[in-house]
Each structure stands twice: as C-alpha cells, then as structure tokens.
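Colleague: To be precise about what I am sending: the file is called start36.txt and holds compact mmCIF, N, CA and C atoms.
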# COMPACT_ATOMS: atom_id res chain seq x y z
N ARG A 1 1.43 -25.74 -13.36
CA ARG A 1 1.53 -24.78 -14.45
C ARG A 1 0.73 -23.52 -14.15
N ALA A 2 -0.50 -23.67 -13.70
CA ALA A 2 -1.32 -22.51 -13.36
C ALA A 2 -0.70 -21.74 -12.20
N GLN A 3 -0.17 -22.47 -11.23
CA GLN A 3 0.47 -21.83 -10.08
C GLN A 3 1.70 -21.01 -10.51
N GLU A 4 2.44 -21.54 -11.47
CA GLU A 4 3.60 -20.81 -11.99
C GLU A 4 3.17 -19.51 -12.65
N ARG A 5 2.08 -19.54 -13.40
CA ARG A 5 1.57 -18.33 -14.05
C ARG A 5 1.11 -17.30 -13.01
N ILE A 6 0.47 -17.76 -11.98
CA ILE A 6 0.04 -16.86 -10.92
C ILE A 6 1.25 -16.20 -10.26
N GLN A 7 2.26 -16.99 -9.97
CA GLN A 7 3.49 -16.47 -9.36
C GLN A 7 4.18 -15.47 -10.29
N GLN A 8 4.24 -15.80 -11.55
CA GLN A 8 4.87 -14.91 -12.53
C GLN A 8 4.09 -13.59 -12.64
N SER A 9 2.77 -13.67 -12.64
CA SER A 9 1.94 -12.46 -12.69
C SER A 9 2.17 -11.59 -11.47
N ALA A 10 2.27 -12.21 -10.30
CA ALA A 10 2.53 -11.47 -9.06
C ALA A 10 3.89 -10.78 -9.12
N GLU A 11 4.88 -11.45 -9.66
CA GLU A 11 6.21 -10.85 -9.79
C GLU A 11 6.19 -9.68 -10.77
N HIS A 12 5.45 -9.81 -11.86
CA HIS A 12 5.33 -8.71 -12.83
C HIS A 12 4.64 -7.51 -12.20
N LEU A 13 3.57 -7.78 -11.47
CA LEU A 13 2.85 -6.70 -10.79
C LEU A 13 3.76 -5.98 -9.81
N ARG A 14 4.56 -6.72 -9.07
CA ARG A 14 5.50 -6.13 -8.11
C ARG A 14 6.52 -5.25 -8.84
N LEU A 15 7.05 -5.72 -9.96
CA LEU A 15 8.02 -4.94 -10.73
C LEU A 15 7.41 -3.63 -11.23
N ILE A 16 6.21 -3.71 -11.71
CA ILE A 16 5.54 -2.51 -12.24
C ILE A 16 5.26 -1.52 -11.12
N THR A 17 4.66 -1.97 -10.03
CA THR A 17 4.31 -1.04 -8.95
C THR A 17 5.55 -0.48 -8.26
N ASP A 18 6.61 -1.26 -8.19
CA ASP A 18 7.84 -0.77 -7.56
C ASP A 18 8.52 0.31 -8.40
N ALA A 19 8.23 0.35 -9.69
CA ALA A 19 8.82 1.35 -10.57
C ALA A 19 8.09 2.70 -10.49
N ILE A 20 6.94 2.72 -9.87
CA ILE A 20 6.14 3.94 -9.76
C ILE A 20 6.52 4.66 -8.47
N PRO A 21 6.86 5.95 -8.54
CA PRO A 21 7.33 6.66 -7.35
C PRO A 21 6.22 7.02 -6.34
N SER A 22 4.97 6.86 -6.70
CA SER A 22 3.86 7.15 -5.79
C SER A 22 3.56 5.95 -4.90
N PHE A 23 2.90 6.22 -3.76
CA PHE A 23 2.50 5.12 -2.87
C PHE A 23 1.42 4.29 -3.54
N ILE A 24 1.62 2.99 -3.57
CA ILE A 24 0.61 2.04 -4.04
C ILE A 24 0.52 0.96 -2.98
N SER A 25 -0.70 0.69 -2.53
CA SER A 25 -0.86 -0.32 -1.49
C SER A 25 -2.19 -1.03 -1.63
N TYR A 26 -2.27 -2.17 -0.97
CA TYR A 26 -3.53 -2.89 -0.83
C TYR A 26 -3.75 -3.02 0.67
N ILE A 27 -4.89 -2.53 1.12
CA ILE A 27 -5.21 -2.52 2.55
C ILE A 27 -6.37 -3.47 2.79
N ARG A 28 -6.23 -4.33 3.78
CA ARG A 28 -7.30 -5.26 4.15
C ARG A 28 -8.43 -4.49 4.83
N ALA A 29 -9.63 -4.64 4.32
CA ALA A 29 -10.78 -3.92 4.85
C ALA A 29 -11.12 -4.31 6.28
N GLU A 30 -10.95 -5.56 6.61
CA GLU A 30 -11.40 -6.04 7.93
C GLU A 30 -10.58 -5.48 9.09
N ASP A 31 -9.31 -5.16 8.87
CA ASP A 31 -8.51 -4.66 10.00
C ASP A 31 -7.59 -3.49 9.64
N LEU A 32 -7.76 -2.94 8.44
CA LEU A 32 -6.95 -1.81 7.97
C LEU A 32 -5.46 -2.05 8.15
N THR A 33 -5.01 -3.22 7.72
CA THR A 33 -3.58 -3.50 7.70
C THR A 33 -3.12 -3.58 6.25
N TYR A 34 -1.86 -3.25 6.03
CA TYR A 34 -1.30 -3.32 4.70
C TYR A 34 -1.06 -4.78 4.33
N ASP A 35 -1.58 -5.16 3.16
CA ASP A 35 -1.33 -6.48 2.61
C ASP A 35 -0.24 -6.41 1.55
N PHE A 36 -0.08 -5.22 0.97
CA PHE A 36 0.89 -5.00 -0.10
C PHE A 36 1.28 -3.53 -0.11
N VAL A 37 2.55 -3.25 -0.23
CA VAL A 37 3.03 -1.87 -0.45
C VAL A 37 4.14 -1.91 -1.48
N ASN A 38 4.30 -0.80 -2.19
CA ASN A 38 5.38 -0.75 -3.18
C ASN A 38 6.63 -0.11 -2.57
N THR A 39 7.66 -0.01 -3.37
CA THR A 39 8.96 0.48 -2.92
C THR A 39 8.91 1.93 -2.42
N ALA A 40 7.97 2.73 -2.89
CA ALA A 40 7.85 4.11 -2.42
C ALA A 40 7.67 4.15 -0.90
N TYR A 41 6.97 3.18 -0.35
CA TYR A 41 6.80 3.10 1.12
C TYR A 41 8.15 2.87 1.79
N GLU A 42 8.94 1.96 1.25
CA GLU A 42 10.27 1.68 1.83
C GLU A 42 11.12 2.94 1.85
N LYS A 43 11.14 3.63 0.73
CA LYS A 43 11.99 4.81 0.61
C LYS A 43 11.55 5.92 1.55
N TYR A 44 10.25 6.15 1.65
CA TYR A 44 9.77 7.25 2.47
C TYR A 44 9.86 6.95 3.97
N PHE A 45 9.43 5.75 4.35
CA PHE A 45 9.37 5.42 5.78
C PHE A 45 10.66 4.77 6.29
N HIS A 46 11.61 4.53 5.41
CA HIS A 46 12.89 3.91 5.80
C HIS A 46 12.66 2.57 6.52
N ARG A 47 11.75 1.80 5.93
CA ARG A 47 11.42 0.47 6.46
C ARG A 47 11.30 -0.47 5.27
N THR A 48 11.53 -1.74 5.50
CA THR A 48 11.35 -2.71 4.43
C THR A 48 9.86 -2.95 4.19
N LYS A 49 9.55 -3.39 2.99
CA LYS A 49 8.16 -3.74 2.69
C LYS A 49 7.66 -4.80 3.67
N ALA A 50 8.52 -5.76 3.99
CA ALA A 50 8.14 -6.84 4.91
C ALA A 50 7.80 -6.31 6.29
N SER A 51 8.43 -5.19 6.69
CA SER A 51 8.13 -4.64 8.01
C SER A 51 6.89 -3.75 8.01
N ILE A 52 6.38 -3.43 6.83
CA ILE A 52 5.15 -2.63 6.72
C ILE A 52 3.95 -3.53 6.47
N GLU A 53 4.12 -4.51 5.58
CA GLU A 53 3.02 -5.42 5.25
C GLU A 53 2.62 -6.21 6.48
N GLY A 54 1.32 -6.23 6.77
CA GLY A 54 0.81 -6.88 7.96
C GLY A 54 0.63 -5.93 9.14
N VAL A 55 1.07 -4.69 8.98
CA VAL A 55 0.99 -3.69 10.04
C VAL A 55 -0.20 -2.76 9.74
N SER A 56 -0.83 -2.24 10.77
CA SER A 56 -1.99 -1.36 10.56
C SER A 56 -1.56 -0.05 9.91
N VAL A 57 -2.46 0.49 9.12
CA VAL A 57 -2.22 1.76 8.45
C VAL A 57 -1.98 2.84 9.50
N ARG A 58 -2.76 2.81 10.56
CA ARG A 58 -2.61 3.80 11.63
C ARG A 58 -1.20 3.76 12.21
N ASP A 59 -0.65 2.57 12.42
CA ASP A 59 0.69 2.45 12.99
C ASP A 59 1.77 2.96 12.03
N VAL A 60 1.57 2.75 10.74
CA VAL A 60 2.57 3.19 9.77
C VAL A 60 2.48 4.71 9.57
N LEU A 61 1.26 5.23 9.40
CA LEU A 61 1.09 6.65 9.11
C LEU A 61 1.13 7.53 10.36
N GLY A 62 0.87 6.95 11.52
CA GLY A 62 0.91 7.73 12.76
C GLY A 62 -0.07 8.89 12.73
N ASN A 63 0.41 10.09 13.01
CA ASN A 63 -0.44 11.29 13.06
C ASN A 63 -1.04 11.64 11.71
N ASN A 64 -0.53 11.07 10.64
CA ASN A 64 -1.04 11.35 9.30
C ASN A 64 -2.23 10.47 8.93
N PHE A 65 -2.59 9.53 9.79
CA PHE A 65 -3.66 8.59 9.48
C PHE A 65 -4.98 9.31 9.24
N GLU A 66 -5.35 10.22 10.10
CA GLU A 66 -6.66 10.88 9.99
C GLU A 66 -6.82 11.62 8.66
N ALA A 67 -5.76 12.20 8.14
CA ALA A 67 -5.82 12.91 6.86
C ALA A 67 -6.10 11.96 5.70
N SER A 68 -5.74 10.70 5.84
CA SER A 68 -5.92 9.71 4.78
C SER A 68 -7.15 8.84 4.97
N LYS A 69 -7.72 8.83 6.17
CA LYS A 69 -8.81 7.89 6.51
C LYS A 69 -10.01 8.01 5.57
N GLU A 70 -10.42 9.23 5.25
CA GLU A 70 -11.57 9.42 4.36
C GLU A 70 -11.34 8.73 3.02
N PHE A 71 -10.15 8.87 2.47
CA PHE A 71 -9.84 8.28 1.17
C PHE A 71 -9.75 6.76 1.25
N ILE A 72 -9.22 6.27 2.34
CA ILE A 72 -9.15 4.81 2.56
C ILE A 72 -10.55 4.24 2.63
N ASP A 73 -11.43 4.89 3.38
CA ASP A 73 -12.81 4.42 3.51
C ASP A 73 -13.53 4.42 2.17
N ARG A 74 -13.31 5.46 1.38
CA ARG A 74 -13.95 5.52 0.07
C ARG A 74 -13.45 4.40 -0.84
N ALA A 75 -12.15 4.16 -0.83
CA ALA A 75 -11.58 3.08 -1.65
C ALA A 75 -12.10 1.72 -1.20
N LEU A 76 -12.20 1.52 0.10
CA LEU A 76 -12.67 0.24 0.61
C LEU A 76 -14.16 0.03 0.33
N SER A 77 -14.89 1.11 0.06
CA SER A 77 -16.31 0.97 -0.29
C SER A 77 -16.49 0.69 -1.78
N GLY A 78 -15.36 0.65 -2.52
CA GLY A 78 -15.42 0.28 -3.93
C GLY A 78 -15.17 1.42 -4.90
N GLU A 79 -15.03 2.62 -4.38
CA GLU A 79 -14.79 3.78 -5.24
C GLU A 79 -13.33 3.80 -5.69
N HIS A 80 -13.09 4.19 -6.94
CA HIS A 80 -11.72 4.39 -7.42
C HIS A 80 -11.24 5.71 -6.86
N VAL A 81 -10.18 5.67 -6.07
CA VAL A 81 -9.71 6.87 -5.37
C VAL A 81 -8.26 7.16 -5.72
N SER A 82 -8.01 8.41 -6.04
CA SER A 82 -6.66 8.90 -6.23
C SER A 82 -6.58 10.21 -5.46
N PHE A 83 -5.57 10.35 -4.64
CA PHE A 83 -5.46 11.59 -3.88
C PHE A 83 -4.01 11.91 -3.61
N GLN A 84 -3.79 13.16 -3.28
CA GLN A 84 -2.46 13.64 -2.97
C GLN A 84 -2.52 14.35 -1.64
N THR A 85 -1.59 14.05 -0.77
CA THR A 85 -1.55 14.70 0.54
C THR A 85 -0.10 14.81 0.97
N SER A 86 0.13 15.63 1.93
CA SER A 86 1.47 15.76 2.51
C SER A 86 1.53 14.88 3.75
N ILE A 87 2.59 14.09 3.84
CA ILE A 87 2.79 13.25 5.01
C ILE A 87 3.96 13.84 5.78
N LEU A 88 3.68 14.17 7.01
CA LEU A 88 4.71 14.75 7.87
C LEU A 88 5.43 13.65 8.61
N SER A 89 6.74 13.70 8.61
CA SER A 89 7.49 12.64 9.30
C SER A 89 7.80 13.04 10.73
Would you encode the structure as structure tokens?

Modeller:
Amino acid sequence: RAQERIQQSAEHLRLITDAIPSFISYIRAEDLTYDFVNTAYEKYFHRTKASIEGVSVRDVLGNNFEASKEFIDRALSGEHVSFQTSILS
C-alpha cells in the first residue's frame, strides 16, 4: 500500500513537471548526471527522457555546460536557484 502511494506520487510529479514548458531536472551531485528531466528536455534536445537520464550534464549541454555550471553548483550546495539562459544548439 505504501509502495503504491509512492508510485502514484511519482506519477503525479511527472505529470506536473511535464506540463511546465521550462527545463526541470534533478542532477546527481556525485557525478553531475541527470536523474530526472521533464518533457521540455525531450522537445528541445530531440531526445527521449530515457536517453538523457543517466547521462552527464556536460554531455547533454555540450558547449553550453560552462554557462550553466555556476547555477548547478549553487543548487547542489542547497541554494534555491532559478535562472534563465540561452542554449545554443
């Protein structure tokens, strides 16, 4: 029963974040890989979420990584971070 609630909560969270047009992700601090991305990543990078999750941020963002690194580091240190940047494809 508890496991079902956890699964249902995860599905609700996925539905909510996928409805938001901005990038939303969870990045693992230990290796800077994506653990979770929303649909905005799929649309922008023309890749499935499954092909992004588990991949390093540097590999996904490429030359755009350095512009985002400061904000990633701040978020991983516990700060609430919201930022806007241009990503060049």

Colleague: Just to confirm, what's the straight-line distance from atom CA of Arg58 of chain A to atom CA of Ser9 of chain A in Å (one decimal)?

Modeller: 29.6 Å

Colleague: Of the candidates A:Leu76, A:Leu32, A:Asn38, A:Tyr44, which one gets nearest to Asp59 of chain A if we count all atoms listed in the file?

Modeller: A:Leu32

Colleague: I'd like to know which residues of chain A are helix (DSSP H, G or I) (by DSSP, run on the backbone); could you write them as a compact mmCIF listing (two decimals) with N, CA and C atoms, keeping the file's coordinate frame?

Modeller:
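Result written to part.txt:
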# COMPACT_ATOMS: atom_id res chain seq x y z
N ALA A 2 -0.50 -23.67 -13.70
CA ALA A 2 -1.32 -22.51 -13.36
C ALA A 2 -0.70 -21.74 -12.20
N GLN A 3 -0.17 -22.47 -11.23
CA GLN A 3 0.47 -21.83 -10.08
C GLN A 3 1.70 -21.01 -10.51
N GLU A 4 2.44 -21.54 -11.47
CA GLU A 4 3.60 -20.81 -11.99
C GLU A 4 3.17 -19.51 -12.65
N ARG A 5 2.08 -19.54 -13.40
CA ARG A 5 1.57 -18.33 -14.05
C ARG A 5 1.11 -17.30 -13.01
N ILE A 6 0.47 -17.76 -11.98
CA ILE A 6 0.04 -16.86 -10.92
C ILE A 6 1.25 -16.20 -10.26
N GLN A 7 2.26 -16.99 -9.97
CA GLN A 7 3.49 -16.47 -9.36
C GLN A 7 4.18 -15.47 -10.29
N GLN A 8 4.24 -15.80 -11.55
CA GLN A 8 4.87 -14.91 -12.53
C GLN A 8 4.09 -13.59 -12.64
N SER A 9 2.77 -13.67 -12.64
CA SER A 9 1.94 -12.46 -12.69
C SER A 9 2.17 -11.59 -11.47
N ALA A 10 2.27 -12.21 -10.30
CA ALA A 10 2.53 -11.47 -9.06
C ALA A 10 3.89 -10.78 -9.12
N GLU A 11 4.88 -11.45 -9.66
CA GLU A 11 6.21 -10.85 -9.79
C GLU A 11 6.19 -9.68 -10.77
N HIS A 12 5.45 -9.81 -11.86
CA HIS A 12 5.33 -8.71 -12.83
C HIS A 12 4.64 -7.51 -12.20
N LEU A 13 3.57 -7.78 -11.47
CA LEU A 13 2.85 -6.70 -10.79
C LEU A 13 3.76 -5.98 -9.81
N ARG A 14 4.56 -6.72 -9.07
CA ARG A 14 5.50 -6.13 -8.11
C ARG A 14 6.52 -5.25 -8.84
N LEU A 15 7.05 -5.72 -9.96
CA LEU A 15 8.02 -4.94 -10.73
C LEU A 15 7.41 -3.63 -11.23
N ILE A 16 6.21 -3.71 -11.71
CA ILE A 16 5.54 -2.51 -12.24
C ILE A 16 5.26 -1.52 -11.12
N THR A 17 4.66 -1.97 -10.03
CA THR A 17 4.31 -1.04 -8.95
C THR A 17 5.55 -0.48 -8.26
N ASP A 18 6.61 -1.26 -8.19
CA ASP A 18 7.84 -0.77 -7.56
C ASP A 18 8.52 0.31 -8.40
N THR A 39 7.66 -0.01 -3.37
CA THR A 39 8.96 0.48 -2.92
C THR A 39 8.91 1.93 -2.42
N ALA A 40 7.97 2.73 -2.89
CA ALA A 40 7.85 4.11 -2.42
C ALA A 40 7.67 4.15 -0.90
N TYR A 41 6.97 3.18 -0.35
CA TYR A 41 6.80 3.10 1.12
C TYR A 41 8.15 2.87 1.79
N GLU A 42 8.94 1.96 1.25
CA GLU A 42 10.27 1.68 1.83
C GLU A 42 11.12 2.94 1.85
N LYS A 43 11.14 3.63 0.73
CA LYS A 43 11.99 4.81 0.61
C LYS A 43 11.55 5.92 1.55
N TYR A 44 10.25 6.15 1.65
CA TYR A 44 9.77 7.25 2.47
C TYR A 44 9.86 6.95 3.97
N PHE A 45 9.43 5.75 4.35
CA PHE A 45 9.37 5.42 5.78
C PHE A 45 10.66 4.77 6.29
N LYS A 49 9.55 -3.39 2.99
CA LYS A 49 8.16 -3.74 2.69
C LYS A 49 7.66 -4.80 3.67
N ALA A 50 8.52 -5.76 3.99
CA ALA A 50 8.14 -6.84 4.91
C ALA A 50 7.80 -6.31 6.29
N SER A 51 8.43 -5.19 6.69
CA SER A 51 8.13 -4.64 8.01
C SER A 51 6.89 -3.75 8.01
N ILE A 52 6.38 -3.43 6.83
CA ILE A 52 5.15 -2.63 6.72
C ILE A 52 3.95 -3.53 6.47
N VAL A 57 -2.46 0.49 9.12
CA VAL A 57 -2.22 1.76 8.45
C VAL A 57 -1.98 2.84 9.50
N ARG A 58 -2.76 2.81 10.56
CA ARG A 58 -2.61 3.80 11.63
C ARG A 58 -1.20 3.76 12.21
N ASP A 59 -0.65 2.57 12.42
CA ASP A 59 0.69 2.45 12.99
C ASP A 59 1.77 2.96 12.03
N VAL A 60 1.57 2.75 10.74
CA VAL A 60 2.57 3.19 9.77
C VAL A 60 2.48 4.71 9.57
N LEU A 61 1.26 5.23 9.40
CA LEU A 61 1.09 6.65 9.11
C LEU A 61 1.13 7.53 10.36
N GLY A 62 0.87 6.95 11.52
CA GLY A 62 0.91 7.73 12.76
C GLY A 62 -0.07 8.89 12.73
N ASN A 63 0.41 10.09 13.01
CA ASN A 63 -0.44 11.29 13.06
C ASN A 63 -1.04 11.64 11.71
N ASN A 64 -0.53 11.07 10.64
CA ASN A 64 -1.04 11.35 9.30
C ASN A 64 -2.23 10.47 8.93
N PHE A 65 -2.59 9.53 9.79
CA PHE A 65 -3.66 8.59 9.48
C PHE A 65 -4.98 9.31 9.24
N GLU A 66 -5.35 10.22 10.10
CA GLU A 66 -6.66 10.88 9.99
C GLU A 66 -6.82 11.62 8.66
N ALA A 67 -5.76 12.20 8.14
CA ALA A 67 -5.82 12.91 6.86
C ALA A 67 -6.10 11.96 5.70
N SER A 68 -5.74 10.70 5.84
CA SER A 68 -5.92 9.71 4.78
C SER A 68 -7.15 8.84 4.97
N LYS A 69 -7.72 8.83 6.17
CA LYS A 69 -8.81 7.89 6.51
C LYS A 69 -10.01 8.01 5.57
N GLU A 70 -10.42 9.23 5.25
CA GLU A 70 -11.57 9.42 4.36
C GLU A 70 -11.34 8.73 3.02
N PHE A 71 -10.15 8.87 2.47
CA PHE A 71 -9.84 8.28 1.17
C PHE A 71 -9.75 6.76 1.25
N ILE A 72 -9.22 6.27 2.34
CA ILE A 72 -9.15 4.81 2.56
C ILE A 72 -10.55 4.24 2.63
N ASP A 73 -11.43 4.89 3.38
CA ASP A 73 -12.81 4.42 3.51
C ASP A 73 -13.53 4.42 2.17
N ARG A 74 -13.31 5.46 1.38
CA ARG A 74 -13.95 5.52 0.07
C ARG A 74 -13.45 4.40 -0.84
N ALA A 75 -12.15 4.16 -0.83
CA ALA A 75 -11.58 3.08 -1.65
C ALA A 75 -12.10 1.72 -1.20
N LEU A 76 -12.20 1.52 0.10
CA LEU A 76 -12.67 0.24 0.61
C LEU A 76 -14.16 0.03 0.33

Colleague: Report, in Å to a single decimal, how far apart atom CA of Ala19 of chain A and atom CA of Ala67 of chain A are.

Modeller: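 Interatomic distance here is 25.5 Å.
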
Colleague: So, with only N, CA and C atoms as the atoms that count, which of A:Asp73, A:Glu42, A:Glu11, A:Ser68 lies closest to Thr85 of chain A?

Modeller: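 Smallest distance to Thr85 of chain A is found for A:Ser68.
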
Colleague: Rounded to one decimal place, report the atom N of Ala10 of chain A-atom N of Ser22 of chain A distance in Å.

Modeller: 19.6 Å

Colleague: From a DSSP pass on the backbone, collect the residues of segment 13-79 of chain A flagged as strand (DSSP E or B) and hand them back as a list of chain:residue names.

Modeller: A:Ser25, A:Tyr26, A:Ile27, A:Arg28, A:Thr33, A:Tyr34, A:Asp35, A:Phe36, A:Val37, A:Ser56

Colleague: Would you save the residues from that selection as a CSV table (one decimal), in the frame of the given file, using N, CA and C atoms?

Modeller:
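Written out: again13.csv:
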chain,number,residue,atom,x,y,z
A,25,SER,N,-0.7,0.7,-2.5
A,25,SER,CA,-0.9,-0.3,-1.5
A,25,SER,C,-2.2,-1.0,-1.6
A,26,TYR,N,-2.3,-2.2,-1.0
A,26,TYR,CA,-3.5,-2.9,-0.8
A,26,TYR,C,-3.8,-3.0,0.7
A,27,ILE,N,-4.9,-2.5,1.1
A,27,ILE,CA,-5.2,-2.5,2.6
A,27,ILE,C,-6.4,-3.5,2.8
A,28,ARG,N,-6.2,-4.3,3.8
A,28,ARG,CA,-7.3,-5.3,4.2
A,28,ARG,C,-8.4,-4.5,4.8
A,33,THR,N,-5.0,-3.2,7.7
A,33,THR,CA,-3.6,-3.5,7.7
A,33,THR,C,-3.1,-3.6,6.2
A,34,TYR,N,-1.9,-3.2,6.0
A,34,TYR,CA,-1.3,-3.3,4.7
A,34,TYR,C,-1.1,-4.8,4.3
A,35,ASP,N,-1.6,-5.2,3.2
A,35,ASP,CA,-1.3,-6.5,2.6
A,35,ASP,C,-0.2,-6.4,1.6
A,36,PHE,N,-0.1,-5.2,1.0
A,36,PHE,CA,0.9,-5.0,-0.1
A,36,PHE,C,1.3,-3.5,-0.1
A,37,VAL,N,2.6,-3.2,-0.2
A,37,VAL,CA,3.0,-1.9,-0.4
A,37,VAL,C,4.1,-1.9,-1.5
A,56,SER,N,-0.8,-2.2,10.8
A,56,SER,CA,-2.0,-1.4,10.6
A,56,SER,C,-1.6,0.0,9.9
